[in-house]
Protein chains: 2
Amino acid sequence: MGAMERPTDHRGSEVLSREECDRLLDSAQVGRVAFLYAGDPHILPINYRFHQGAIIFRTTVGSKMDAAEMHRRFAFEIDGWDADSGSGWSVLAHGMGEAVTDPEETAALEGLGLVSWAGDESEDMWFRIALDDITGRGVG
Amino acid sequence: MGAMERPTDHRGSEVLSREECDRLLDSAQVGRVAFLYAGDPHILPINYRFHQGAIIFRTTVGSKMDAAEMHRRFAFEIDGWDADSGSGWSVLAHGMGEAVTDPEETAALEGLGLVSWAGDESEDMWFRIALDDITGRGVG
């Protein structure tokens, strides 16, 4: 991703197009969400799918990501880094989180083939971050 | 990391010992920091070293991580995921951030062999997150 003709930001990092960001969001499977909890920022890795402009994942009621806490702003990030070439990229997105409880909607999400990071699906719920802000940069 | 005898959290995830967390922090090279900026959580990938209980990295003045913004709470996270075995782990830590400007201290940090994610070192500054809270879990 080091083509000279691409735009750069104030750090000199290559700015990825929205199409490139969408392609990377489509192809990755593990990302990280960040959110504020008890006044501190937190980061959790999640297995996710990028579906209809939203990050879809499963989580467990009772964790830091419980339903009552979900309706707020989240950051979502994916990145890749090649140690040999010293090049990397990252995509950062934001959106409001919400539990998905409607049976028709959850039935549709079952088809995405997602399993939760924790593996135990007995308590899992579906969550969605509807992204309103997606940016990416490449480095190296 | 699936040994049955290890303690688990409320999600059923294996709780990593502090020694395991320190070993993972020592061995990884890329992690992510999260912080609040303009009311939104943000996540940035960084090249880092774990040094004397702190996360050390370089960043550029003028970015979202500028010096005036650094003295606040950060989250720092590393994770690993093996798609074949379906197992993973993550370490989450917290601490106050601060710019490192003392010449003796920065001279010592030069020996860590760190380069910034952005590659251009001309504007880089040293930053430190002194960790006061380190937890880890293994999954799968």
# chains A, B, ... in the order shown; residues from 1 in each chain; ligands from 1
$ interface_residues --of "chain A" --to "chain B" --cutoff "6 Å" --atoms "only C-alpha atoms" --output "ChimeraX atom specification"
/A:35,41-42,75,118,139
$ write_last_selection --atoms "all heavy atoms" --output "PDB file, in the first residue's frame"
ATOM      1  N   PHE A  35     -14.386   1.358  24.489  1.00  0.00           N
ATOM      2  CA  PHE A  35     -15.540   2.025  25.077  1.00  0.00           C
ATOM      3  C   PHE A  35     -15.140   2.497  26.460  1.00  0.00           C
ATOM      4  O   PHE A  35     -14.144   2.041  27.033  1.00  0.00           O
ATOM      5  CB  PHE A  35     -16.732   1.070  25.158  1.00  0.00           C
ATOM      6  CG  PHE A  35     -16.433  -0.226  25.866  1.00  0.00           C
ATOM      7  CD1 PHE A  35     -16.769  -0.391  27.196  1.00  0.00           C
ATOM      8  CD2 PHE A  35     -15.794  -1.273  25.205  1.00  0.00           C
ATOM      9  CE1 PHE A  35     -16.468  -1.587  27.860  1.00  0.00           C
ATOM     10  CE2 PHE A  35     -15.506  -2.469  25.863  1.00  0.00           C
ATOM     11  CZ  PHE A  35     -15.841  -2.625  27.189  1.00  0.00           C
ATOM     12  N   PRO A  41     -11.055   4.054  29.657  1.00  0.00           N
ATOM     13  CA  PRO A  41     -11.200   3.396  28.362  1.00  0.00           C
ATOM     14  C   PRO A  41     -10.869   1.910  28.480  1.00  0.00           C
ATOM     15  O   PRO A  41     -10.006   1.520  29.268  1.00  0.00           O
ATOM     16  CB  PRO A  41     -10.182   4.119  27.471  1.00  0.00           C
ATOM     17  CG  PRO A  41      -9.179   4.702  28.405  1.00  0.00           C
ATOM     18  CD  PRO A  41      -9.897   4.966  29.701  1.00  0.00           C
ATOM     19  N   HIS A  42     -11.601   1.083  27.752  1.00  0.00           N
ATOM     20  CA  HIS A  42     -11.340  -0.349  27.709  1.00  0.00           C
ATOM     21  C   HIS A  42     -11.227  -0.796  26.254  1.00  0.00           C
ATOM     22  O   HIS A  42     -11.820  -0.183  25.367  1.00  0.00           O
ATOM     23  CB  HIS A  42     -12.471  -1.138  28.377  1.00  0.00           C
ATOM     24  CG  HIS A  42     -12.334  -1.204  29.858  1.00  0.00           C
ATOM     25  ND1 HIS A  42     -12.468  -0.091  30.659  1.00  0.00           N
ATOM     26  CD2 HIS A  42     -12.056  -2.230  30.698  1.00  0.00           C
ATOM     27  CE1 HIS A  42     -12.290  -0.447  31.923  1.00  0.00           C
ATOM     28  NE2 HIS A  42     -12.041  -1.732  31.978  1.00  0.00           N
ATOM     29  N   ALA A  75     -15.603   2.771  19.633  1.00  0.00           N
ATOM     30  CA  ALA A  75     -14.617   2.768  18.557  1.00  0.00           C
ATOM     31  C   ALA A  75     -14.366   1.317  18.167  1.00  0.00           C
ATOM     32  O   ALA A  75     -14.435   0.414  19.006  1.00  0.00           O
ATOM     33  CB  ALA A  75     -13.311   3.412  19.010  1.00  0.00           C
ATOM     34  N   ALA A 118     -15.371 -15.991  23.245  1.00  0.00           N
ATOM     35  CA  ALA A 118     -15.306 -16.818  24.440  1.00  0.00           C
ATOM     36  C   ALA A 118     -15.646 -18.278  24.168  1.00  0.00           C
ATOM     37  O   ALA A 118     -15.329 -19.144  24.962  1.00  0.00           O
ATOM     38  CB  ALA A 118     -16.235 -16.275  25.514  1.00  0.00           C
ATOM     39  N   VAL A 139       0.782   2.618   6.323  1.00  0.00           N
ATOM     40  CA  VAL A 139       2.075   3.129   6.773  1.00  0.00           C
ATOM     41  C   VAL A 139       3.176   2.239   6.220  1.00  0.00           C
ATOM     42  O   VAL A 139       3.077   1.030   6.305  1.00  0.00           O
ATOM     43  CB  VAL A 139       2.164   3.147   8.313  1.00  0.00           C
ATOM     44  CG1 VAL A 139       3.484   3.748   8.746  1.00  0.00           C
ATOM     45  CG2 VAL A 139       1.011   3.908   8.908  1.00  0.00           C
TER      46      VAL A 139
END
$ calpha_fit_and_write --fixed "chain A" --moving "chain B" --output "compact mmCIF listing (two decimals) with C-alpha atoms, in the first residue's frame"
# COMPACT_ATOMS: atom_id res chain seq x y z
CA MET B 1 0.12 0.00 0.03
CA GLY B 2 2.93 2.44 -0.54
CA ALA B 3 1.84 4.03 -3.81
CA MET B 4 3.24 7.53 -4.06
CA GLU B 5 0.16 9.09 -5.64
CA ARG B 6 -2.11 8.53 -2.68
CA PRO B 7 -3.09 11.32 -0.29
CA THR B 8 -1.35 11.56 3.07
CA ASP B 9 -2.40 12.95 6.43
CA HIS B 10 -0.49 15.39 8.65
CA ARG B 11 1.73 12.55 9.89
CA GLY B 12 2.69 11.57 6.37
CA SER B 13 0.59 8.43 6.57
CA GLU B 14 -1.19 7.30 3.45
CA VAL B 15 -4.94 7.88 3.67
CA LEU B 16 -6.95 4.85 2.61
CA SER B 17 -10.03 5.31 0.48
CA ARG B 18 -13.43 4.35 1.79
CA GLU B 19 -13.45 1.45 -0.69
CA GLU B 20 -10.16 0.15 0.72
CA CYS B 21 -11.47 0.49 4.28
CA ASP B 22 -14.63 -1.44 3.39
CA ARG B 23 -12.57 -4.16 1.74
CA LEU B 24 -10.35 -4.50 4.82
CA LEU B 25 -13.41 -4.54 7.11
CA ASP B 26 -14.88 -7.29 4.91
CA SER B 27 -11.76 -9.44 4.98
CA ALA B 28 -10.62 -9.27 8.63
CA GLN B 29 -12.27 -11.42 11.28
CA VAL B 30 -10.81 -10.16 14.55
CA GLY B 31 -10.95 -6.52 15.59
CA ARG B 32 -11.04 -4.52 18.79
CA VAL B 33 -13.75 -2.38 20.32
CA ALA B 34 -13.03 0.47 22.72
CA PHE B 35 -15.54 2.03 25.07
CA LEU B 36 -15.64 3.93 28.31
CA TYR B 37 -16.38 1.87 31.42
CA ALA B 38 -16.31 3.26 34.95
CA GLY B 39 -14.42 6.28 33.64
CA ASP B 40 -11.62 4.30 31.99
CA PRO B 41 -11.18 3.41 28.34
CA HIS B 42 -11.33 -0.34 27.69
CA ILE B 43 -10.35 -2.45 24.70
CA LEU B 44 -11.72 -5.90 23.94
CA PRO B 45 -10.86 -8.14 21.00
CA ILE B 46 -13.87 -9.53 19.16
CA ASN B 47 -14.69 -11.88 16.33
CA TYR B 48 -16.87 -9.84 14.05
CA ARG B 49 -18.50 -9.54 10.67
CA PHE B 50 -18.95 -6.34 8.69
CA HIS B 51 -22.58 -6.51 7.62
CA GLN B 52 -24.70 -3.76 6.04
CA GLY B 53 -22.38 -1.03 7.27
CA ALA B 54 -22.30 -2.32 10.84
CA ILE B 55 -19.92 -4.33 13.02
CA ILE B 56 -21.76 -7.44 14.23
CA PHE B 57 -20.46 -9.53 17.13
CA ARG B 58 -21.59 -11.67 20.00
CA THR B 59 -20.96 -11.05 23.64
CA THR B 60 -22.11 -12.31 27.00
CA VAL B 61 -24.58 -10.71 29.35
CA GLY B 62 -22.84 -9.85 32.58
CA SER B 63 -19.56 -8.86 31.02
CA LYS B 64 -18.38 -5.28 30.62
CA MET B 65 -20.38 -5.31 27.40
CA ASP B 66 -23.80 -6.00 28.90
CA ALA B 67 -26.95 -4.82 27.22
CA ALA B 68 -27.61 -1.82 29.42
CA GLU B 69 -24.15 -0.52 28.70
CA MET B 70 -24.26 -1.02 24.97
CA HIS B 71 -26.19 2.02 23.78
CA ARG B 72 -23.28 4.42 23.59
CA ARG B 73 -20.41 5.35 21.30
CA PHE B 74 -17.84 2.72 20.48
CA ALA B 75 -14.62 2.78 18.55
CA PHE B 76 -13.78 -0.23 16.40
CA GLU B 77 -10.34 -0.90 14.95
CA ILE B 78 -8.56 -3.44 12.76
CA ASP B 79 -4.93 -3.38 11.73
CA GLY B 80 -2.25 -5.36 10.01
CA TRP B 81 1.50 -5.23 10.22
CA ASP B 82 4.17 -6.96 8.19
CA ALA B 83 7.37 -7.19 10.23
CA ASP B 84 9.49 -8.03 7.16
CA SER B 85 8.50 -5.01 5.06
CA GLY B 86 7.88 -2.71 8.01
CA SER B 87 4.54 -1.68 6.53
CA GLY B 88 1.15 -1.67 8.13
CA TRP B 89 -2.35 -0.30 7.98
CA SER B 90 -5.22 0.41 10.30
CA VAL B 91 -8.90 1.19 9.97
CA LEU B 92 -10.70 3.09 12.73
CA ALA B 93 -14.47 3.43 12.88
CA HIS B 94 -17.06 4.78 15.29
CA GLY B 95 -20.73 4.25 15.98
CA MET B 96 -23.47 3.71 18.51
CA GLY B 97 -23.79 0.23 19.95
CA GLU B 98 -27.05 -1.61 20.41
CA ALA B 99 -28.21 -5.08 21.33
CA VAL B 100 -29.99 -6.91 18.53
CA THR B 101 -32.97 -8.71 20.03
CA ASP B 102 -35.59 -8.76 17.29
CA PRO B 103 -36.07 -12.45 16.34
CA GLU B 104 -36.13 -11.78 12.59
CA GLU B 105 -32.94 -9.78 12.81
CA THR B 106 -31.09 -12.30 14.96
CA ALA B 107 -32.21 -15.11 12.66
CA ALA B 108 -30.60 -13.24 9.77
CA LEU B 109 -27.40 -12.73 11.77
CA GLU B 110 -27.17 -16.48 12.54
CA GLY B 111 -26.29 -16.90 8.88
CA LEU B 112 -23.07 -14.91 9.26
CA GLY B 113 -21.23 -17.88 10.77
CA LEU B 114 -19.99 -15.94 13.79
CA VAL B 115 -18.89 -17.52 17.04
CA SER B 116 -18.08 -15.52 20.11
CA TRP B 117 -14.49 -15.03 21.20
CA ALA B 118 -15.32 -16.81 24.44
CA GLY B 119 -16.54 -19.95 22.68
CA ASP B 120 -19.42 -20.64 25.06
CA GLU B 121 -22.50 -19.62 23.13
CA SER B 122 -25.06 -20.43 25.79
CA GLU B 123 -25.29 -16.90 27.14
CA ASP B 124 -24.39 -14.96 24.05
CA MET B 125 -26.27 -12.01 22.67
CA TRP B 126 -25.99 -10.25 19.36
CA PHE B 127 -24.67 -6.72 19.23
CA ARG B 128 -24.28 -4.20 16.48
CA ILE B 129 -22.23 -1.04 16.07
CA ALA B 130 -23.77 0.96 13.24
CA LEU B 131 -20.72 2.79 11.86
CA ASP B 132 -21.05 6.47 11.04
CA ASP B 133 -17.34 7.24 10.62
CA ILE B 134 -14.76 5.03 8.89
CA THR B 135 -11.17 6.11 8.23
CA GLY B 136 -8.02 4.22 7.36
CA ARG B 137 -4.34 4.77 6.87
CA GLY B 138 -1.48 2.79 5.51
CA VAL B 139 2.07 3.13 6.76
CA GLY B 140 5.35 2.05 5.29
$ select_by_dssp --residues "stretch 18-60 of chain B" --states "helix (DSSP H, G or I)" --output "number ranges by chain"
B: 18-27
$ write_last_selection --atoms "C-alpha atoms" --output "mmCIF file, in the first residue's frame"
data_model
loop_
_atom_site.group_PDB
_atom_site.id
_atom_site.type_symbol
_atom_site.label_atom_id
_atom_site.label_comp_id
_atom_site.auth_asym_id
_atom_site.auth_seq_id
_atom_site.Cartn_x
_atom_site.Cartn_y
_atom_site.Cartn_z
ATOM 1 C CA ARG B 18 0.437 -11.708 36.110
ATOM 2 C CA GLU B 19 3.593 -13.589 35.091
ATOM 3 C CA GLU B 20 1.917 -14.753 31.866
ATOM 4 C CA CYS B 21 0.697 -11.215 31.146
ATOM 5 C CA ASP B 22 4.205 -9.817 31.662
ATOM 6 C CA ARG B 23 5.665 -12.467 29.377
ATOM 7 C CA LEU B 24 3.136 -11.651 26.642
ATOM 8 C CA LEU B 25 3.774 -7.905 27.063
ATOM 9 C CA ASP B 26 7.509 -8.614 26.734
ATOM 10 C CA SER B 27 7.152 -10.678 23.574
#
$ select_by_dssp --residues "stretch 4-131 of chain B" --states "strand (DSSP E or B)" --output "ChimeraX atom specification"
/B:8,14-15,30-37,40-47,49-51,54-60,73-82,87-100,124-131
